[in-house]
Amino acid sequence: MAQLILTVHTGGHDAAAAVFEDYTLRAAVQLERLTRQKGDGREHPDLAIDEVLSIVGATRRDVDIAGFSRTEFPTTLLRNIGGVRWFREKYRKYVEGRTRRYMPPEFKRNNTPRIEDIVNIPKCRRWSGFRDDAHVYFYNHHESHALAPLFHTQWDEALLVTADAGGDTVNYSQRHFAKGTLTTIYGGEECLLTPLPVDSLGHAYMAMTASLGFTPIRHEGKLTGLAAFGQPVLADRIAARFSVDDAGRVFSDFRTYPEMVTFIRDLAAGVSREDASASIQQVLEDTMLRSVKRLLQRHKARYLGVAGGVFANVRLNRVLADRLPIEEIFIYPAMGDEGMPAGGALCYLLQHAVSSQARRQHLDRRHGAPAKSGAAAVPLKAATSVVRQRGAEGPIALLRTAEKRARDSASSQHVG
């Protein structure tokens with residue numbers, strides 16, 4: 001009998017929920033679609049939970065398995081809150097209106113990776129309206145990002161790379177899939193009790209976004225566009241603060257994120273928006289390209305799957321497609337945290353079921369954007385570097401890099 005799996009990303013931005021029936025995605029909804037607040041993650045996404053369940057004709061009592069991300073979670077469901085901290089949490093709730101806590105510091109505070117030591121699971125079931133026999137689990141941030149692009153292909157080998165501004169105490173992860181085995185290179189559960197490294201290119205890009213007067217985690221695409229009109233006059237100074245080791249790990253010499261933010265803000269103050277944008281874009285492209293190249297040297301693969309907010313940068317994705325020795329790259333369409341619920345269900349299925357090539361499924365347009373039609377679809381159909389997946393009617397596509405097109409005659413222009 002098919003199991004109904006509800007998975008949730010609880011915020012603090014891009015909160016979302018999804019429903020799987022065994023290996024089949026039945027519905028997915030981002031909270032912003034219901035609240036009309038862009039990137040909403042201000043509260044526990046009950047609206048999204050109820051919406052996805054209603055789409056499949058179910059209620060919370062029908063849920064067999066419920067998975068949550070380890071991000072913002074209701075404080076009332078956390079264990080080990082007593083003494084002075086109990087009074088502090090009451091102040092946060094009734095005076096500041098803050099009813100949730102970010103979970104990774106709770107693991108370090110209690111020096112345990114066990115979710116049962118952090119969350120009162122029976123209380124969580126009751127509070128959520130699930131049955132007493134519903135299985136509740138919490139999934140890894142970067143593993144959820146990584147599994148989604150692999151699941152929706154038929155690749156027999158792949159390098160899976162994730163990058164963002166942080167989740168479960170890391171900013172990157174790398175995994176290698178070969179001979180039916182998925183191996184974590186970096187960024188798995190072994191990092192849960194370690195401090196968050198100050199190495200995020202995503203955070204640096206966010207810092208530049210804020211420095212130029214835009215809203216972080218929303219307007220980074222403006223910088224990608226502005227970069228086409230500027231010169232990377234600050235790139236060398238920013239790049240000097242980042243490095244990539246032989247294993248492909250990205251590092252920086254910043255001691256704290258406030259130091260990184262101040263450094264970038266001070267640099268940006270002396271140049272135009274266009275030049276500042278071109279500079280951070282150049283650093284992002286060069287550093288990530290160097291990282292993935294070194295990973296591929298150690299972990300051979302013909303295919304590359306990527307996810308995480310950094311890969312919302314279309315120019316970076318094109319650079320990777322053009323300049324890496326791979327045949328295909330697949331950028332998961334919901335590459336940001338809104339895509340985590342889909343990957344979160346795959347985390348459970350990977351751990352509790354026998355992996356099967358036959359169960360991997362292509363995406364189709366029911367879970368993506370409406371199909372293109374008319375003149376707008378002509379350039380996509382004509383592009384020789386785009387290959388549609390079998391059965392995909394919508395604009396879900398892979399970049400075929402083995403048949404690289406000649407550079408555009410206007411090769412100096414950036415793609416925004």
# chains A, B, ... in the order shown; residues from 1 in each chain; ligands from 1
>>> residues_around(residues="Phe177 (chain A)", least_positions_apart="3", cutoff="12 Å", atoms="only C-alpha atoms", output="NGL selection string")
:A and (146-147 or 149-151 or 154-161 or 174 or 180-185 or 299-305)
>>> write_last_selection(atoms="N, CA and C atoms", output="short mmCIF file (atom, residue, chain, number, x, y, z; two decimals), in the first residue's frame")
data_model
loop_
_atom_site.label_atom_id
_atom_site.label_comp_id
_atom_site.auth_asym_id
_atom_site.auth_seq_id
_atom_site.Cartn_x
_atom_site.Cartn_y
_atom_site.Cartn_z
N ALA A 146 20.75 17.95 -3.02
CA ALA A 146 21.54 17.13 -3.93
C ALA A 146 20.73 16.00 -4.56
N LEU A 147 19.81 15.41 -3.81
CA LEU A 147 19.10 14.23 -4.32
C LEU A 147 18.11 14.57 -5.43
N PRO A 149 18.17 16.67 -8.15
CA PRO A 149 18.62 16.58 -9.55
C PRO A 149 18.99 15.16 -9.96
N LEU A 150 19.48 14.35 -9.04
CA LEU A 150 19.82 12.96 -9.39
C LEU A 150 18.55 12.15 -9.65
N PHE A 151 17.54 12.32 -8.81
CA PHE A 151 16.32 11.52 -8.90
C PHE A 151 15.62 11.73 -10.24
N GLN A 154 18.27 9.81 -15.45
CA GLN A 154 18.60 8.39 -15.51
C GLN A 154 20.12 8.20 -15.56
N TRP A 155 20.87 9.15 -15.03
CA TRP A 155 22.32 9.07 -15.06
C TRP A 155 22.81 7.85 -14.29
N ASP A 156 23.85 7.20 -14.83
CA ASP A 156 24.48 6.09 -14.12
C ASP A 156 25.69 6.55 -13.32
N GLU A 157 26.08 7.81 -13.48
CA GLU A 157 27.15 8.41 -12.69
C GLU A 157 26.94 9.91 -12.67
N ALA A 158 27.38 10.56 -11.60
CA ALA A 158 27.18 12.00 -11.52
C ALA A 158 27.98 12.59 -10.37
N LEU A 159 28.37 13.83 -10.54
CA LEU A 159 28.86 14.66 -9.44
C LEU A 159 27.72 15.59 -9.06
N LEU A 160 27.38 15.60 -7.77
CA LEU A 160 26.28 16.43 -7.28
C LEU A 160 26.85 17.52 -6.38
N VAL A 161 26.64 18.77 -6.73
CA VAL A 161 27.22 19.90 -6.01
C VAL A 161 26.10 20.83 -5.56
N GLN A 174 29.23 18.16 -1.57
CA GLN A 174 29.59 17.45 -2.79
C GLN A 174 29.34 15.96 -2.57
N GLY A 180 25.78 2.67 -8.73
CA GLY A 180 24.63 2.53 -7.85
C GLY A 180 24.85 2.99 -6.42
N THR A 181 26.01 3.58 -6.14
CA THR A 181 26.33 4.01 -4.78
C THR A 181 26.51 5.52 -4.72
N LEU A 182 25.88 6.15 -3.74
CA LEU A 182 26.02 7.59 -3.54
C LEU A 182 26.96 7.83 -2.36
N THR A 183 28.05 8.54 -2.61
CA THR A 183 29.07 8.78 -1.60
C THR A 183 29.15 10.27 -1.28
N THR A 184 29.08 10.60 0.01
CA THR A 184 29.22 12.00 0.42
C THR A 184 30.70 12.36 0.50
N ILE A 185 31.11 13.35 -0.25
CA ILE A 185 32.49 13.83 -0.23
C ILE A 185 32.65 14.84 0.90
N HIS A 299 36.91 13.01 -8.81
CA HIS A 299 35.72 12.17 -8.83
C HIS A 299 35.13 12.23 -10.24
N LYS A 300 35.59 11.34 -11.08
CA LYS A 300 35.24 11.36 -12.49
C LYS A 300 33.74 11.17 -12.69
N ALA A 301 33.15 11.99 -13.55
CA ALA A 301 31.74 11.87 -13.86
C ALA A 301 31.46 12.60 -15.17
N ARG A 302 30.55 12.04 -15.94
CA ARG A 302 30.15 12.69 -17.19
C ARG A 302 29.03 13.68 -16.98
N TYR A 303 28.35 13.57 -15.82
CA TYR A 303 27.16 14.39 -15.58
C TYR A 303 27.31 15.17 -14.28
N LEU A 304 26.73 16.36 -14.29
CA LEU A 304 26.79 17.25 -13.13
C LEU A 304 25.39 17.69 -12.76
N GLY A 305 24.99 17.45 -11.50
CA GLY A 305 23.72 17.95 -10.99
C GLY A 305 23.97 18.99 -9.92
#
>>> residues_around(residues="Leu267 (chain A)", least_positions_apart="3", cutoff="10 Å", atoms="only C-alpha atoms", output="JSON, numbers by chain")
{"A": [208, 211, 234, 237, 238, 262, 263, 264, 270, 271, 276]}
>>> atom_distance(atom1="CA of Tyr348 (chain A)", atom2="CA of Asp50 (chain A)")
21.0 Å
>>> residues_around(residues="region 114-126 of chain A", least_positions_apart="2", cutoff="8 Å", atoms="only C-alpha atoms", output="PyMOL selection string")
chain A and resi 77-80+106-107+110+112+128-132+134+136+138
>>> write_last_selection(atoms="N, CA and C atoms", output="PDB file, in the first residue's frame")
ATOM      1  N   LEU A  77       7.993  23.109  20.792  1.00  0.00           N
ATOM      2  CA  LEU A  77       8.224  21.693  20.523  1.00  0.00           C
ATOM      3  C   LEU A  77       9.650  21.261  20.851  1.00  0.00           C
ATOM      4  N   LEU A  78      10.480  22.197  21.288  1.00  0.00           N
ATOM      5  CA  LEU A  78      11.870  21.882  21.596  1.00  0.00           C
ATOM      6  C   LEU A  78      12.009  21.420  23.043  1.00  0.00           C
ATOM      7  N   ARG A  79      12.956  20.520  23.254  1.00  0.00           N
ATOM      8  CA  ARG A  79      13.257  20.051  24.605  1.00  0.00           C
ATOM      9  C   ARG A  79      14.305  20.959  25.258  1.00  0.00           C
ATOM     10  N   ASN A  80      14.567  20.707  26.518  1.00  0.00           N
ATOM     11  CA  ASN A  80      15.682  21.320  27.245  1.00  0.00           C
ATOM     12  C   ASN A  80      15.606  22.842  27.311  1.00  0.00           C
ATOM     13  N   GLU A 106      20.833  24.488  18.379  1.00  0.00           N
ATOM     14  CA  GLU A 106      20.329  23.619  19.434  1.00  0.00           C
ATOM     15  C   GLU A 106      21.118  22.320  19.503  1.00  0.00           C
ATOM     16  N   PHE A 107      21.523  21.801  18.367  1.00  0.00           N
ATOM     17  CA  PHE A 107      22.342  20.590  18.357  1.00  0.00           C
ATOM     18  C   PHE A 107      23.686  20.853  19.037  1.00  0.00           C
ATOM     19  N   ASN A 110      23.366  21.372  22.870  1.00  0.00           N
ATOM     20  CA  ASN A 110      23.159  20.131  23.618  1.00  0.00           C
ATOM     21  C   ASN A 110      24.186  19.054  23.275  1.00  0.00           C
ATOM     22  N   THR A 112      24.679  17.095  20.689  1.00  0.00           N
ATOM     23  CA  THR A 112      24.113  15.838  20.214  1.00  0.00           C
ATOM     24  C   THR A 112      23.576  16.006  18.797  1.00  0.00           C
ATOM     25  N   SER A 128       0.927  18.971  15.391  1.00  0.00           N
ATOM     26  CA  SER A 128       0.772  19.042  13.932  1.00  0.00           C
ATOM     27  C   SER A 128      -0.526  18.428  13.449  1.00  0.00           C
ATOM     28  N   GLY A 129      -1.215  17.684  14.319  1.00  0.00           N
ATOM     29  CA  GLY A 129      -2.456  17.048  13.906  1.00  0.00           C
ATOM     30  C   GLY A 129      -2.269  15.727  13.205  1.00  0.00           C
ATOM     31  N   PHE A 130      -1.089  15.089  13.366  1.00  0.00           N
ATOM     32  CA  PHE A 130      -0.834  13.791  12.758  1.00  0.00           C
ATOM     33  C   PHE A 130      -1.337  12.669  13.666  1.00  0.00           C
ATOM     34  N   ARG A 131      -1.458  11.485  13.095  1.00  0.00           N
ATOM     35  CA  ARG A 131      -1.795  10.311  13.886  1.00  0.00           C
ATOM     36  C   ARG A 131      -0.638   9.950  14.821  1.00  0.00           C
ATOM     37  N   ASP A 132      -0.941   9.208  15.878  1.00  0.00           N
ATOM     38  CA  ASP A 132       0.091   8.806  16.841  1.00  0.00           C
ATOM     39  C   ASP A 132       1.120   7.861  16.226  1.00  0.00           C
ATOM     40  N   ALA A 134       2.144   8.088  13.034  1.00  0.00           N
ATOM     41  CA  ALA A 134       2.850   8.737  11.921  1.00  0.00           C
ATOM     42  C   ALA A 134       4.334   8.843  12.251  1.00  0.00           C
ATOM     43  N   VAL A 136       7.796  10.643  12.133  1.00  0.00           N
ATOM     44  CA  VAL A 136       8.308  12.010  11.969  1.00  0.00           C
ATOM     45  C   VAL A 136       9.828  11.961  11.896  1.00  0.00           C
ATOM     46  N   PHE A 138      13.563  14.342  10.403  1.00  0.00           N
ATOM     47  CA  PHE A 138      14.129  15.625   9.982  1.00  0.00           C
ATOM     48  C   PHE A 138      15.255  15.346   8.992  1.00  0.00           C
TER      49      PHE A 138
END
>>> residues_around(residues="Lys293 (chain A)", least_positions_apart="6", cutoff="9 Å", atoms="only C-alpha atoms", output="PyMOL selection string")
chain A and resi 248+324-325
>>> closest_residue(among="A:Leu196, A:Ala235, A:Val170, A:Leu226", to="Tyr257 (chain A)", atoms="only C-alpha atoms")
A:Leu196
>>> atom_distance(atom1="CA of Asp40 (chain A)", atom2="CA of Phe68 (chain A)")
16.7 Å
>>> atom_distance(atom1="CA of Phe20 (chain A)", atom2="CA of Thr75 (chain A)")
27.3 Å
